[in-house]
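Comments concern the structure below.
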Amino acid sequence: MTTDDSVADLARLGDELPLAHQRVLGSLEAATRRHEQATAARAQAMRADQQRAVALARNRSAQQVIEFGGYVRDNTETATNSAVDDVLATAEYVQLGHLELPGHALGVNEDLELPWVVPLLGRSNLVVFGGDDQARSIVHRVVLAALTGTAPGQLDVIGHDPHLRGWLAPFSGLKDALDGSLYVVSSADDLDKTLDRLIADVQRVTDTMRGSEPTLLDYRRTVGYPAERLQLVVLLDYPIGVTDTMHRKVTTLARVGPAAGICLVVVSGNDTRGGSEGAPQPDRARELHDFGEIIDQRSALRWSRYPHCSAHLSAPTVDEVIKAVADLTARMRTAGGPQVDFVDVEDLNDRWTRSSAEGITFALGRAGRDLVEVRFGDEREQRHNALVTGAVGQGKSNLLKVIIHSLSQRYSPAEVQMYLLDFKDGVSLYPYTSTPHSPDFLPHARVLGLESDRDFGLAVLQEIDAERVRRAAVIKPYGDNIARYRHQVPAATMPRIVLMIDEFQRLFEPGDDAIAGQAAQLLEGLARLGRAYGIHVLLASQSISGISALMARESGLYGQFPIRIGLKNSPQESVATMSVGNDGPARLRHRGEAVINLDYGSLGANRTVTIASAQDDILDSLRHTWWELARDTCPAPAVFDGARLLRPADAVPSIRRLRAARLTAQSGAPSAVIGMPISVSAVPATVTFTAEPGRNLAVLGAGEKLDQLGAAPGETAANHAIGVLQTAALSLALQHPAGDARFVSIELLDDSTASRNNMGPWHHLMARIGFPVDIIDRNGILNFLQEQADAIAEADPAGPATYILAFGLDRIGRLDTPDAFANTPAEVLRAVLRDGPTKSVHVLGWWANTATYQAHLGFAGDGMVDVMVFLRVDQSAVHDFLGPFVTWTVRDNRALWTDRTQLPEPTVLVPFSPVGDQDARVITTAEWGP
Ligand SMILES: Nc1ncnc2c1ncn2[C@@H]1O[C@H](COP(=O)(O)OP(=O)(O)OP(=O)(O)O)[C@@H](O)[C@H]1O
């Protein structure tokens with residue numbers, strides 16, 4: 001290649017270079033443009049996508065907000081309207097009104113309105129800042145919602161109102177329905193005590209739960225019944241009147257209260273000056289923020305959880321509150337408390353398996369998931385006796401029934417024996433007796449006092465005391481108590497004895513007489529000394545405050561009763577049952593709940609128990625089983641029914657025994673049966689008519705109550721004077737199987753009295769049993785007495801007996817008109833009375849009027865009549881006859897019996913009533929033997 005060629009090539013290249021450059025630049029530009037266009041197109045597409053996504057998201061979220069709003073509204077219904085007939089219903093959430101969110105902020109067209117629901121009972125406290133009328137409305141709304149959202153009667157409202165604003169006054173109707181369900185204090189002192197009590201409540205609730213559940217509400221759900229109480233504590237004008245110490249207690253409660261069912265509603269107004277030792281107020285205000293939910297209405301109404309929402313309160317008017325409270329109290333009155341069944345506390349398949357040697361245990365009910373039992377006789381615990389109190393209708397009878405059946409199911413009659421006395425006019429012990437229609441009886445019952453009176457109460461105490469003395473002698477060689485004795489003599493039978501007296505205070509009323517004194521002494525002795533011999537006492541009463549001073553002062557009886565069981569009662573009774581300052585029972589809410597305290601009622605030892613409900617059908621069938629098992633080995637209990645009239649037919653077994661004794665010549669003289677002494681042994685009162693001076697019988701006083709006059713014949717015949725004489729005659733006649741007796745009846749009764757008291761049927765009956773009665777009327781009486789006096793003088797002492805019945809002898813007048821020989825008929829009567837008995841002529845007479853009786857017998861009457869029966873006779877007349885130390889008050893269905901030569905002291909008895917149709921049937925059809 002030449003040089004010229006090279007130059008030419010270079011020149012060509014030089015020409016082509018700019019073209020190539022331009023081409024390159026051109027294509028670069030085109031590429032850049034294409035790229036830019038593509039990028040712009042992509043960006044536009046992405047923007048469009050994004051806008052679509054945002055729009056979609058907005059739509060979706062608006063939709064969700066709307067849906068969620070509906071959901072919240074629906075669920076609010078459920079959360080705030082718990083079924084209040086469910087006993088566990090609790091206002092855990094309450095609706096106060098609604099919250100509003102502006103719609104444009106959410107991308108929705110309308111502003112959003114949501115229910116304003118705040119957590120409350122068991123969940124949180126509430127603090128309201130600002131103290132004007134709106135705060136009052138908030139309080140009304142909160143309290144009302146809490147009450148209506150909780151099972152009736154389960155929530156107590158406690159208020160502190162230092163400025164006496166009366167904000168809680170519209171709720172005062174609560175107090176009428178349930179004591180203690182609203183309690184408002186205004187003084188700092190009272191608030192302090194209330195705070196102490198609330199803190200004690202927290203401790204007790206925590207003890208009850210024993211860490212098994214984190215909160216009371218959980219615990220209630222687990223055990224399935226509303227254990228303990230819920231409390232809403234409203235503190236107005238906080239912290240007015242609140243000292244530092246109290247504030248610390250409030251702070252503690254705010255922290256631990258909700259879990260224990262205590263919820264604080266603190267209203268802190270604009271005036272926040274505290275008590276004298278008040279902490280710097282900003283600190284307190286700051287602490288209040290930690291209490292729980294905050295509602296601030298100092299500027300606009302806000303709930304601190306959602307500060308961007310405006311809150312709107314649905315404020316009830318005062319009238320609405322009052323009306324709602326009235327509805328609520330109506331439901332509270334009918335609402336029952338928690339229920340535990342007998343089968344929840346007693347194993348029906350485990351019968352009579354326990355030994356009472358070391359003590360006895362019975363079930364009462366449940367406290368939460370715990371079975372609550374009481375043990376008597378334990379040597380270590382040294383609790384032997386119990387005191388039970390409860391206002392009328394609060395479940396005392398039910399409780400006693402549970403105790404009786406729990407003991408009877410666990411222990412056989414050889415291990416536990418019961419003496420049951422009921423001093424009220426009730427029927428609770430009737431099912432334990434046998435009746436003609438139902439032969440079952442409670443085999444563990446040794447004595448049943450159905451409508452006991454004081455005499456019978458005393459007789460039972462004496463009987464048990466005698467048993468104590470007997471046991472002391474038996475046990476002595478083996479040690480000093482029943483446990484040691486039974487340990488060493490395992491084959492021995494020595495049941496524990498439980499003496500249970502309902503309305504025992506009646507034993508001590510009027511309080512200053514001989515019976516009260518003896519009863520207090522015996523009871524105290526039994527409660528103190530009986531423990532060693534297996535004797536335990538359970539006293540029950542509606543009202544002991546009247547006698548508590550007597551019990552504590554004179555005999556120290558209460559000191560023997562470490563176990564106190566208080567059903568709901570007044571504060572005064574509660575304190576009398578427990579101890580000073582311990583009004584636990586008064587704060588119980590429901591029938592069937594009780595405070596049990598094993599430490600002499602000391603404050604701090606209270607435990608709330610739901611007493612088991614005595615399920616009658618189950619208990620009836622248990623008793624039937626026990627009876628089937630024990631009927632052949634256990635005698636029926638001795639039954640005393642103080643109100644029941646004693647019928648002549650009731651005397652048949654005794655008369656049969658007396659007749660048999662006469663026939664076998666064990667007894668030489670016949671005995672008239674006149675009544676039943678008030679005693680445990682069923683041995684009748686008898687008057688033996690031996691041929692001795694003085695063996696006459698005088699019945700003194702009116703025989704019936706005036707308001708019984710006019711009763712239909714036969715139906716309610718209750719003239720006891722006539723009844724005593726008729727029955728005496730029947731019983732005497734039946735003891736003369738040989739027919740060697742004559743009966744004469746002096747009858748001075750008016751027709752109405754005679755017919756009302758079945759004199760005709762009595763004559764008829766006497767005739768049917770072989771002893772027709774010779775009747776002497778008013779006109780024949782003087783002649784008859786004269787004849788008798790004459791005949792007595794001549795009579796053979798071994799001749800047939802003559803019984804002169806005299807009905808209403810006082811009606812003949814004083815018998816002091818002398819005859820031609822200056823003898824008065826009264827003297828003739830005295831001759832019969834004085835000389836008759838030794839010739840087997842006995843007078844059994846009734847004088848309604850004691851003055852006439854004295855006139856008939858004269859001053860020298862002593863010695864003519866050994867036996868007297870006083871009916872409706874006043875105390876002073878009794879003193880005339882028996883001296884100043886005998887007390888006697890007129891009582892229905894009772895008589896006072898004295899026998900100068902045979903009875904150590906006057907004895908109260910139930911006298912017989914006149915013969916009725918049924919008596920006549922029984923007596924004529926009874927098997928009398930030869
Ligand atoms: N623990 C309980 N559980 C369920 N019901 C109960 C309970 N205790 C009592 N009751 C019911 O309450 C009512 C009154 O009870 P109870 O007769 O025992 O009261 P009380 O105090 O003995 O009354 P009173 O003194 O007037 O005779 C009864 O209908 C009884 O069934």
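So you can find residues: chains in the structure tokens are A, B, ... in the order shown, residues in each start at 1, and ligands are numbered from 1 in order.
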
inquiry  = How would you report the residues lying within 10 Å of ligand 1, as a PyMOL selection string, if you count only C-alpha atoms and all ligand atoms?
reply    = chain A and resi 336-342+364-365+389-402+424-428+502-503+540-542+567-569+590-594+609-616

Go ahead and write the residues just picked, C-alpha atoms, as a short mmCIF file (atom, residue, chain, number, x, y, z; two decimals), in the first residue's frame.
```cif
data_model
loop_
_atom_site.label_atom_id
_atom_site.label_comp_id
_atom_site.auth_asym_id
_atom_site.auth_seq_id
_atom_site.Cartn_x
_atom_site.Cartn_y
_atom_site.Cartn_z
CA GLY A 336 -83.48 -16.76 96.11
CA GLY A 337 -79.92 -17.06 97.19
CA PRO A 338 -77.49 -19.72 96.18
CA GLN A 339 -78.66 -23.27 96.80
CA VAL A 340 -76.80 -26.34 98.01
CA ASP A 341 -78.71 -29.60 98.25
CA PHE A 342 -78.54 -32.10 101.09
CA LEU A 364 -73.92 -27.93 107.38
CA GLY A 365 -73.41 -26.85 103.81
CA THR A 389 -79.45 -17.93 115.80
CA GLY A 390 -81.44 -16.54 112.91
CA ALA A 391 -84.35 -14.18 112.36
CA VAL A 392 -87.78 -15.57 111.58
CA GLY A 393 -87.89 -17.35 108.26
CA GLN A 394 -84.16 -17.25 107.63
CA GLY A 395 -83.73 -21.01 107.68
CA LYS A 396 -83.21 -22.10 111.25
CA SER A 397 -85.60 -25.02 111.05
CA ASN A 398 -83.96 -26.05 107.80
CA LEU A 399 -80.52 -25.89 109.39
CA LEU A 400 -81.56 -27.98 112.38
CA LYS A 401 -83.11 -30.51 110.04
CA VAL A 402 -79.87 -30.75 108.09
CA LYS A 424 -92.04 -22.68 119.36
CA ASP A 425 -95.52 -23.48 118.20
CA GLY A 426 -94.18 -25.25 115.20
CA VAL A 427 -94.45 -28.60 113.59
CA SER A 428 -90.84 -29.25 112.73
CA ASP A 502 -85.09 -24.63 119.45
CA GLU A 503 -86.12 -21.25 120.87
CA ALA A 540 -81.10 -22.30 118.73
CA SER A 541 -83.00 -19.06 118.94
CA GLN A 542 -84.44 -16.21 116.96
CA LEU A 567 -78.25 -17.05 110.03
CA LYS A 568 -79.33 -13.65 108.81
CA ASN A 569 -80.45 -11.49 111.67
CA HIS A 590 -79.97 -14.59 101.70
CA ARG A 591 -82.09 -17.01 103.56
CA GLY A 592 -80.07 -20.16 104.07
CA GLU A 593 -76.74 -18.38 104.31
CA ALA A 594 -75.02 -18.42 107.65
CA VAL A 609 -71.63 -20.89 104.50
CA THR A 610 -74.51 -21.75 102.25
CA ILE A 611 -76.54 -24.11 104.37
CA ALA A 612 -77.73 -27.20 102.56
CA SER A 613 -81.38 -27.30 101.70
CA ALA A 614 -83.19 -30.07 103.54
CA GLN A 615 -84.81 -31.91 100.66
CA ASP A 616 -87.90 -33.31 102.29
#
```

task = Would you return as a count of residues only the members of range 660-907 of chain A that DSSP assigns to strand (DSSP E) on this structure's backbone?
result = 50

If you take only C-alpha atoms and a cut-off of 6 Å, which residues of range 711-749 of chain A touch range 804-817 of chain A, and what are their nearest atom pairs and distances in Å to one decimal, in chain and number order, as a tab-separated table?
```
residue	atom	partner	partner_atom	distance
A:Val744	CA	A:Ile804	CA	4.9
A:Ser745	CA	A:Leu805	CA	4.6
A:Ile746	CA	A:Ala806	CA	4.5
A:Glu747	CA	A:Phe807	CA	5.1
A:Leu748	CA	A:Gly808	CA	5.4
A:Leu749	CA	A:Gly808	CA	5.9
```

task = Have a look at CA of Asp86 in chain A and CA of Arg220 in chain A and let me know their distance in Å, one decimal.
result =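 Computed distance, CA of Asp86 in chain A to CA of Arg220 in chain A, equals 12.1 Å.
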
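Within 10 Å of Val680 in chain A, once only C-alpha atoms are used and residues closer than 3 positions along the same chain are dropped, the contacting residues are Arg446, Val447, Leu448, Gly449, Phe456, Gly457, Leu458, Ala459, Val460, Leu461, Gln462, Glu463, Ile464, Pro637, Ala638, Val639, Phe640, Pro677 and Val683 of chain A.
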
For the residues in that selection, give me C-alpha atoms as a short mmCIF file (atom, residue, chain, number, x, y, z; two decimals), in the first residue's frame.
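Once written, result_1.cif looks like this:
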```cif
data_model
loop_
_atom_site.label_atom_id
_atom_site.label_comp_id
_atom_site.auth_asym_id
_atom_site.auth_seq_id
_atom_site.Cartn_x
_atom_site.Cartn_y
_atom_site.Cartn_z
CA ARG A 446 -84.82 -40.41 122.47
CA VAL A 447 -87.11 -37.52 123.41
CA LEU A 448 -89.19 -35.22 121.24
CA GLY A 449 -90.72 -32.14 122.82
CA PHE A 456 -90.92 -30.28 130.18
CA GLY A 457 -87.68 -28.50 129.23
CA LEU A 458 -86.62 -28.68 132.83
CA ALA A 459 -87.63 -32.34 133.07
CA VAL A 460 -85.50 -33.16 130.04
CA LEU A 461 -82.53 -31.28 131.44
CA GLN A 462 -82.92 -33.20 134.68
CA GLU A 463 -83.11 -36.49 132.81
CA ILE A 464 -79.96 -35.78 130.82
CA PRO A 637 -88.93 -41.62 121.24
CA ALA A 638 -90.74 -40.28 124.26
CA VAL A 639 -92.99 -37.65 122.79
CA PHE A 640 -94.30 -34.65 124.62
CA PRO A 677 -96.78 -35.41 134.53
CA VAL A 683 -95.61 -42.82 133.65
#
```

message = With only C-alpha atoms as the counted atoms, please give the residues lying no more than 12 Å from Glu320 in chain A, apart from itself and same-chain residues fewer than 2 positions off, as a PyMOL selection string.
response = chain A and resi 137+140-141+144+170-171+314-318+322-327

ask   = Restricting the calculation to only C-alpha atoms, which member of A:Arg623, A:Ala48, A:Glu573, A:Val345 is positioned closest to Ala445 in chain A?
value =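 Looking at the shortest contact to Ala445 in chain A, the residue is A:Arg623.
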